[in-house]
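J.: The structure is given below, and queries will be raised subsequently.
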Amino acid sequence: MAGNGILRGRAHVFGDDVNTDYIISGKYKFRTLDVEELARHCMEDVDPGFSERVRPGDFIVAGGNFGCGSSREQAPLVIKHAGVSAVLARSFARIFFRNAINKGLPAVECDTSGIRAGDELEVDLARGKVKNVTRGYTLEIVPLPAVMMDILAEGGLTDYLRKHGGFKL
Amino acid sequence: MGHTITEKILAYHAGREEVRPGELVNVKVDLAMANDITAPLAIEAFRSMGAERVFDPAKVVMVPDHFTPARDMAAARNCALMREFAREQRLENYYEIGRAGIEHVLLPEEGLVLPGELVVGADSHTCTYGALGAFSTGVGSSDLAMAMALGEIWLRIPESMLFTYEGELPPWVGGKDLILHTIGRIGVDGALYRAMEFRGPVVEELSMDSRFAMANMAVEAGAKNGIFHVDAKTRSWLEGRARRHYREFTSDADASYVEKITMEVSGMEPQVAFPHLPSNVKPLSGVGEVEIDQVVIGSCTNGRPEDMEIAARILEGRRVHPRVRAIVFPGSRAVLLEMVRRGWMETFLEAGAAVSTPTCGPCLGGHMGVLAEGERALSTTNRNFVGRMGHTESEVYLCGPAVAAASAVTGRITHPEEVMG
């Protein structure tokens, strides 16, 4: 996914402290390494049927500390493979935050308190804006460091390093 | 203005005079570590990056500890992948089962992490090594692959929080209780992106094992790292372990902290974290009547000699409650050997506990003690999220080894005093 285009989709709203075990339920997390299969169980314990309702491009919108818990990269991968184009949260657990960017999933830090389930959103990473089309207001994104924007633009850390051979701050 | 120990270690590894919170820096890595869950993805990312050789075969460590001894064919395949990579790259520190243990207990024991060093590990509890006055933090597999390939990683300098513990630690209260109490106070995001620096007279009295337990759970408050200063106890613990020179860094008196919290520990009770967050903490007198099905003693948090000694002291001459399953899993081969030599092994077996070879298994619902629907465990591990140890309708309560052992005897969450008199 290119990091610079405007992302459009609907909001799926969650609360605070969504941990990596909720992102991919304890029932499945060890059963398979098949990301596509895991993606069908994304957020299942906190929002049954999420993976069927989510349309390509939709957003996960959450409160504070999204992605706390394990360091496993399956968490952002599963979200990405479920069709989610970005996660918006008031704050992220730091390992998840890095992993998401490294896997090419935009992790967007902003004030999510006014966003309701089903709201139509437009996320402009390059300009650092989130537009709530349904409610008619625009939010500022806490800017990503340049190195993270670059990694995102390349689709993730692996592609970034293959291209650049190292990283530039 | 001065600097914190965390800032000084990061500045040193960045080759800079000084760094300030919020800055991004490129740092040299002293050690990069992965386990059987995270290594396969890291190896895949390493190859996709176009990397061929690890930056230093002495500084990349691999430990099969999560689903080992291999619990099924998928785990066996992951371990094989890791083993082959270790052989191909001639890694000097690949630890096979039987000679190994849980990574965060094993690496310090083996002298692989020393004060002042910078460690990244593809496991969230990598922050454990802060007990030695090192900077260590958990990363994902892609970041680890980068560190394995380049010997470098970029990091944001964290703001530091200073936690000072004062007073006198009551009997049966240890490092685990202090960290649970602290997380209960600041919440699971109370130290998000920050460094937790642990200081004060109480900390100076704490054993290294208790310090490891505290640093281990810094991530449960969202922290990037937890860290202690090096003192006589650290140096003595490292004797015979450290095989190379190390540097001691110290926070300046005028270092800047984003928050300072002082806690009085005199009169503190043992602490218990209720489901389903490590911050859902109550003192033992506030627990009430909570019956349990399983007690788990061990892990990267509380699988060290001190923990086993405390549990053995309580279980000596007593029996595990008929309704309860007690599982003891030491953190390493060395801990297990000490259990045998000191007679604790016999105590546990006589008491009717199951003793496991070192593994992360039960802590993450992997194997060796998974919970069924409706079951309740009391555990010395570090997480109690929904479904953490098994079924999503099971429950996990967290505590230190003393409460766990006493509760194994009574079948309900119990103050050690009640059992020991």
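Going through the structure tokens in order, the chains are called A, B, and so on, while each chain numbers its residues from 1 and the ligands are numbered from 1 in the order shown.
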Which of stretch 18-119 of chain A end up as helix (DSSP H, G or I) when DSSP is run on this backbone - answer as a ChimeraX atom specification?
T.: /A:20-23,35-39,50-53,74-81,94-102
J.: At a cut-off of 9 Å, list the chain A residues touching chain B, using only C-alpha atoms, as number ranges by chain.
T.: A: 17, 19, 21-22, 25-27, 30-33, 45, 64-65, 68-73, 91-96, 98-99, 102-103, 145, 157-163, 165-169
J.: I want to know what sits within 8 Å of stretch 107-113 of chain B, based on only C-alpha atoms, with residues of the same chain fewer than 3 positions away left out; could you give that as a ChimeraX atom specification?
T.: /B:31,103-104,117,119,129,132,134,238,241-243
J.: Create the file for the chosen residues now, containing N, CA and C atoms and written as an mmCIF file, in the first residue's frame.
T.:
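Full text of again.cif as output:
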data_model
loop_
_atom_site.group_PDB
_atom_site.id
_atom_site.type_symbol
_atom_site.label_atom_id
_atom_site.label_comp_id
_atom_site.auth_asym_id
_atom_site.auth_seq_id
_atom_site.Cartn_x
_atom_site.Cartn_y
_atom_site.Cartn_z
ATOM 1 N N LEU B 31 23.313 -6.828 21.611
ATOM 2 C CA LEU B 31 22.750 -8.169 21.537
ATOM 3 C C LEU B 31 21.371 -8.080 20.882
ATOM 4 N N GLU B 103 14.222 -17.421 27.883
ATOM 5 C CA GLU B 103 15.214 -16.439 27.424
ATOM 6 C C GLU B 103 15.595 -15.383 28.470
ATOM 7 N N HIS B 104 14.575 -14.802 29.129
ATOM 8 C CA HIS B 104 14.867 -13.666 30.018
ATOM 9 C C HIS B 104 15.455 -14.093 31.364
ATOM 10 N N GLU B 117 24.798 -2.088 28.592
ATOM 11 C CA GLU B 117 24.647 -2.585 27.220
ATOM 12 C C GLU B 117 23.261 -2.268 26.654
ATOM 13 N N VAL B 119 20.252 -3.915 24.389
ATOM 14 C CA VAL B 119 19.725 -5.181 23.893
ATOM 15 C C VAL B 119 18.352 -4.972 23.273
ATOM 16 N N TYR B 129 16.079 -7.163 31.329
ATOM 17 C CA TYR B 129 17.517 -6.983 31.569
ATOM 18 C C TYR B 129 17.863 -5.612 32.160
ATOM 19 N N LEU B 132 19.820 -5.193 35.365
ATOM 20 C CA LEU B 132 21.286 -5.178 35.406
ATOM 21 C C LEU B 132 21.869 -3.806 35.061
ATOM 22 N N ALA B 134 21.123 -2.272 32.247
ATOM 23 C CA ALA B 134 21.264 -2.240 30.784
ATOM 24 C C ALA B 134 20.004 -1.591 30.200
ATOM 25 N N LEU B 238 27.064 -10.586 39.215
ATOM 26 C CA LEU B 238 27.728 -10.753 37.913
ATOM 27 C C LEU B 238 29.072 -11.474 38.023
ATOM 28 N N ARG B 241 29.923 -14.550 36.098
ATOM 29 C CA ARG B 241 29.041 -14.551 34.915
ATOM 30 C C ARG B 241 29.605 -13.649 33.826
ATOM 31 N N ALA B 242 29.973 -12.432 34.227
ATOM 32 C CA ALA B 242 30.466 -11.458 33.247
ATOM 33 C C ALA B 242 31.826 -11.909 32.733
ATOM 34 N N ARG B 243 31.933 -12.052 31.426
ATOM 35 C CA ARG B 243 33.217 -12.458 30.858
ATOM 36 C C ARG B 243 33.848 -11.349 30.031
#
J.: List as a list in words the protein and nucleic acid residues near stretch 351-362 of chain B, meaning an atom at most 7 Å away when only C-alpha atoms are counted, but skip any in the same chain fewer than 4 places from it.
T.: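 My list of contacting residues is Asp65, His66, Phe67, Thr68, Gly101, Ile102, Ser299, Leu315, Arg318, Arg319, Val320, Arg325, Ala326, Ile327, Val328, Phe329, Pro330, Gly331, Ser332, Arg333, Thr347, Gly366, His367, Met368, Gly369, Val370 and Met389 of chain B.
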J.: Mind writing the picked residues with N, CA and C atoms as a PDB file, in the first residue's frame?
T.:
ATOM      1  N   ASP B  65      12.091 -21.388  23.394  1.00  0.00           N
ATOM      2  CA  ASP B  65      11.560 -21.494  24.757  1.00  0.00           C
ATOM      3  C   ASP B  65      10.035 -21.452  24.851  1.00  0.00           C
ATOM      4  N   HIS B  66       9.371 -20.967  23.815  1.00  0.00           N
ATOM      5  CA  HIS B  66       7.922 -20.752  23.975  1.00  0.00           C
ATOM      6  C   HIS B  66       7.095 -22.035  23.861  1.00  0.00           C
ATOM      7  N   PHE B  67       7.208 -22.700  22.739  1.00  0.00           N
ATOM      8  CA  PHE B  67       6.430 -23.936  22.544  1.00  0.00           C
ATOM      9  C   PHE B  67       7.353 -25.142  22.554  1.00  0.00           C
ATOM     10  N   THR B  68       8.305 -25.099  23.497  1.00  0.00           N
ATOM     11  CA  THR B  68       9.286 -26.172  23.565  1.00  0.00           C
ATOM     12  C   THR B  68       9.245 -26.846  24.924  1.00  0.00           C
ATOM     13  N   GLY B 101      16.593 -22.557  28.673  1.00  0.00           N
ATOM     14  CA  GLY B 101      15.611 -22.081  29.622  1.00  0.00           C
ATOM     15  C   GLY B 101      14.816 -20.966  28.987  1.00  0.00           C
ATOM     16  N   ILE B 102      14.066 -20.254  29.815  1.00  0.00           N
ATOM     17  CA  ILE B 102      13.298 -19.114  29.331  1.00  0.00           C
ATOM     18  C   ILE B 102      14.288 -17.971  29.071  1.00  0.00           C
ATOM     19  N   SER B 299       7.998 -18.826  35.195  1.00  0.00           N
ATOM     20  CA  SER B 299       7.995 -17.856  34.091  1.00  0.00           C
ATOM     21  C   SER B 299       9.198 -16.927  34.093  1.00  0.00           C
ATOM     22  N   LEU B 315       5.605 -24.603  50.809  1.00  0.00           N
ATOM     23  CA  LEU B 315       5.043 -25.938  50.504  1.00  0.00           C
ATOM     24  C   LEU B 315       5.711 -27.059  51.306  1.00  0.00           C
ATOM     25  N   ARG B 318       3.726 -29.523  53.428  1.00  0.00           N
ATOM     26  CA  ARG B 318       2.300 -29.273  53.191  1.00  0.00           C
ATOM     27  C   ARG B 318       1.870 -29.948  51.893  1.00  0.00           C
ATOM     28  N   ARG B 319       0.569 -29.972  51.658  1.00  0.00           N
ATOM     29  CA  ARG B 319       0.045 -30.623  50.467  1.00  0.00           C
ATOM     30  C   ARG B 319      -0.735 -29.627  49.624  1.00  0.00           C
ATOM     31  N   VAL B 320      -0.624 -29.766  48.323  1.00  0.00           N
ATOM     32  CA  VAL B 320      -1.454 -28.969  47.418  1.00  0.00           C
ATOM     33  C   VAL B 320      -2.908 -29.401  47.626  1.00  0.00           C
ATOM     34  N   ARG B 325      -4.594 -27.933  40.934  1.00  0.00           N
ATOM     35  CA  ARG B 325      -3.410 -28.414  40.210  1.00  0.00           C
ATOM     36  C   ARG B 325      -2.328 -27.351  40.370  1.00  0.00           C
ATOM     37  N   ALA B 326      -1.194 -27.734  40.877  1.00  0.00           N
ATOM     38  CA  ALA B 326      -0.083 -26.772  40.993  1.00  0.00           C
ATOM     39  C   ALA B 326       0.998 -27.162  39.998  1.00  0.00           C
ATOM     40  N   ILE B 327       1.429 -26.175  39.204  1.00  0.00           N
ATOM     41  CA  ILE B 327       2.469 -26.425  38.197  1.00  0.00           C
ATOM     42  C   ILE B 327       3.646 -25.494  38.477  1.00  0.00           C
ATOM     43  N   VAL B 328       4.811 -26.083  38.650  1.00  0.00           N
ATOM     44  CA  VAL B 328       6.024 -25.290  38.885  1.00  0.00           C
ATOM     45  C   VAL B 328       6.869 -25.368  37.632  1.00  0.00           C
ATOM     46  N   PHE B 329       7.200 -24.231  37.066  1.00  0.00           N
ATOM     47  CA  PHE B 329       8.099 -24.272  35.900  1.00  0.00           C
ATOM     48  C   PHE B 329       9.250 -23.282  36.055  1.00  0.00           C
ATOM     49  N   PRO B 330      10.432 -23.835  36.385  1.00  0.00           N
ATOM     50  CA  PRO B 330      11.615 -23.008  36.595  1.00  0.00           C
ATOM     51  C   PRO B 330      12.034 -22.317  35.305  1.00  0.00           C
ATOM     52  N   GLY B 331      12.778 -21.204  35.465  1.00  0.00           N
ATOM     53  CA  GLY B 331      13.129 -20.392  34.315  1.00  0.00           C
ATOM     54  C   GLY B 331      14.301 -20.891  33.502  1.00  0.00           C
ATOM     55  N   SER B 332      15.074 -21.807  34.062  1.00  0.00           N
ATOM     56  CA  SER B 332      16.235 -22.273  33.310  1.00  0.00           C
ATOM     57  C   SER B 332      16.732 -23.594  33.871  1.00  0.00           C
ATOM     58  N   ARG B 333      17.652 -24.185  33.149  1.00  0.00           N
ATOM     59  CA  ARG B 333      18.288 -25.409  33.603  1.00  0.00           C
ATOM     60  C   ARG B 333      19.018 -25.159  34.924  1.00  0.00           C
ATOM     61  N   THR B 347      10.514 -31.201  47.749  1.00  0.00           N
ATOM     62  CA  THR B 347       9.417 -30.512  48.438  1.00  0.00           C
ATOM     63  C   THR B 347       8.207 -30.370  47.520  1.00  0.00           C
ATOM     64  N   GLY B 366       0.055 -21.790  25.860  1.00  0.00           N
ATOM     65  CA  GLY B 366       0.671 -22.565  24.783  1.00  0.00           C
ATOM     66  C   GLY B 366       0.540 -24.052  25.008  1.00  0.00           C
ATOM     67  N   HIS B 367       1.062 -24.505  26.122  1.00  0.00           N
ATOM     68  CA  HIS B 367       0.994 -25.918  26.502  1.00  0.00           C
ATOM     69  C   HIS B 367       1.427 -26.052  27.961  1.00  0.00           C
ATOM     70  N   MET B 368       1.428 -27.246  28.488  1.00  0.00           N
ATOM     71  CA  MET B 368       1.864 -27.521  29.864  1.00  0.00           C
ATOM     72  C   MET B 368       0.987 -26.835  30.914  1.00  0.00           C
ATOM     73  N   GLY B 369      -0.328 -26.844  30.683  1.00  0.00           N
ATOM     74  CA  GLY B 369      -1.200 -26.266  31.708  1.00  0.00           C
ATOM     75  C   GLY B 369      -2.169 -25.234  31.179  1.00  0.00           C
ATOM     76  N   VAL B 370      -2.819 -25.563  30.050  1.00  0.00           N
ATOM     77  CA  VAL B 370      -3.798 -24.669  29.425  1.00  0.00           C
ATOM     78  C   VAL B 370      -5.125 -24.779  30.190  1.00  0.00           C
ATOM     79  N   MET B 389      -4.301 -17.702  29.205  1.00  0.00           N
ATOM     80  CA  MET B 389      -3.772 -19.029  29.533  1.00  0.00           C
ATOM     81  C   MET B 389      -4.637 -20.154  28.991  1.00  0.00           C
TER      82      MET B 389
END
J.: From stretch 152-370 of chain B, collect each residue whose DSSP state is strand (DSSP E or B) and return the set as number ranges by chain.
T.: B: 152-156, 160-166, 195-199, 225-227, 255, 259-264, 271-273, 281-283, 291, 294-298, 325-329, 332, 354-355
J.: Write the selection just made, keeping C-alpha atoms, as an mmCIF file, in the first residue's frame?
T.:
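For reference, out_17.cif as written:
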data_model
loop_
_atom_site.group_PDB
_atom_site.id
_atom_site.type_symbol
_atom_site.label_atom_id
_atom_site.label_comp_id
_atom_site.auth_asym_id
_atom_site.auth_seq_id
_atom_site.Cartn_x
_atom_site.Cartn_y
_atom_site.Cartn_z
ATOM 1 C CA GLU B 152 21.917 -1.078 14.515
ATOM 2 C CA ILE B 153 18.401 0.089 15.108
ATOM 3 C CA TRP B 154 16.732 3.466 15.315
ATOM 4 C CA LEU B 155 15.065 4.377 18.589
ATOM 5 C CA ARG B 156 13.217 7.322 20.033
ATOM 6 C CA SER B 160 11.968 8.889 32.039
ATOM 7 C CA MET B 161 9.708 8.360 35.046
ATOM 8 C CA LEU B 162 11.338 8.025 38.441
ATOM 9 C CA PHE B 163 9.842 5.562 40.921
ATOM 10 C CA THR B 164 11.273 5.785 44.426
ATOM 11 C CA TYR B 165 10.374 3.138 46.992
ATOM 12 C CA GLU B 166 10.766 4.079 50.651
ATOM 13 C CA ALA B 195 11.512 4.605 30.706
ATOM 14 C CA MET B 196 10.659 3.442 34.231
ATOM 15 C CA GLU B 197 13.594 4.029 36.549
ATOM 16 C CA PHE B 198 13.391 2.201 39.868
ATOM 17 C CA ARG B 199 15.244 3.695 42.834
ATOM 18 C CA ASN B 225 12.261 -0.100 29.306
ATOM 19 C CA GLY B 226 12.564 -0.531 33.052
ATOM 20 C CA ILE B 227 15.928 0.159 34.636
ATOM 21 C CA ALA B 255 18.439 14.646 35.472
ATOM 22 C CA GLU B 259 7.103 12.360 36.439
ATOM 23 C CA LYS B 260 8.379 11.373 39.890
ATOM 24 C CA ILE B 261 6.411 8.992 42.071
ATOM 25 C CA THR B 262 7.437 8.043 45.587
ATOM 26 C CA MET B 263 5.852 5.043 47.251
ATOM 27 C CA GLU B 264 5.907 4.126 50.932
ATOM 28 C CA GLN B 271 -0.703 -7.711 45.746
ATOM 29 C CA VAL B 272 -3.017 -9.577 43.374
ATOM 30 C CA ALA B 273 -4.018 -8.484 39.849
ATOM 31 C CA VAL B 281 -4.608 -4.761 41.380
ATOM 32 C CA LYS B 282 -5.880 -5.226 44.938
ATOM 33 C CA PRO B 283 -4.047 -5.733 48.231
ATOM 34 C CA GLU B 291 -11.332 -20.215 44.791
ATOM 35 C CA GLN B 294 -4.743 -24.069 39.083
ATOM 36 C CA VAL B 295 -1.642 -22.431 40.506
ATOM 37 C CA VAL B 296 1.287 -21.645 38.243
ATOM 38 C CA ILE B 297 4.685 -20.789 39.738
ATOM 39 C CA GLY B 298 7.474 -19.839 37.356
ATOM 40 C CA ARG B 325 -3.410 -28.414 40.210
ATOM 41 C CA ALA B 326 -0.083 -26.772 40.993
ATOM 42 C CA ILE B 327 2.469 -26.425 38.197
ATOM 43 C CA VAL B 328 6.024 -25.290 38.885
ATOM 44 C CA PHE B 329 8.099 -24.272 35.900
ATOM 45 C CA SER B 332 16.235 -22.273 33.310
ATOM 46 C CA ALA B 354 3.767 -30.966 38.845
ATOM 47 C CA VAL B 355 7.261 -29.781 37.941
#
J.: A:Thr112, A:Gln74, A:Asn132, A:Thr138: which is nearest A:Ile60, counting only C-alpha atoms?
T.: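 Once distances to A:Ile60 are computed over only C-alpha atoms, the minimum belongs to A:Thr112.
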J.: For A:Pro48, which of A:Ile79, A:Ile23, A:Ala89, A:Val61 is the closest residue, counting only C-alpha atoms?
T.: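 Distance minimum relative to A:Pro48 lands on A:Ile23.
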J.: Under the rule that only C-alpha atoms are counted, which of B:Pro170, B:Pro275, B:Gly343, B:Gly421 is the nearest residue to B:Glu316?
T.: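 Of B:Pro170, B:Pro275, B:Gly343, B:Gly421, the one nearest B:Glu316, counting only C-alpha atoms, is B:Gly343.
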J.: Would you mind listing what lies within 10 Å of B:Asp254 as number ranges by chain, with only C-alpha atoms counted and same-chain residues fewer than 6 positions away left out?
T.: B: 1-4
J.: From the set A:Phe14, A:Phe50, A:Phe97, A:Phe66, which residue has the shortest atom-to-atom contact distance to A:Leu144, counting only C-alpha atoms?
T.: A:Phe97
J.: Here is a test: counting only C-alpha atoms, which residue of B:Asp293, B:Glu350, B:Glu84, B:Glu168 is nearest to B:Arg376?
T.: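 Result for the nearest residue to B:Arg376: B:Asp293.
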J.: Using only C-alpha atoms, find the one residue out of A:Ala107, A:Met43, A:Leu38, A:Leu7 that sits nearest to A:Asp124.
T.: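 Going through A:Ala107, A:Met43, A:Leu38, A:Leu7 one by one, the smallest distance to A:Asp124 is for A:Leu7.
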J.: Do you have the atom CA of B:Val60-atom CA of B:Thr250 distance handy?
T.: 27.0 Å
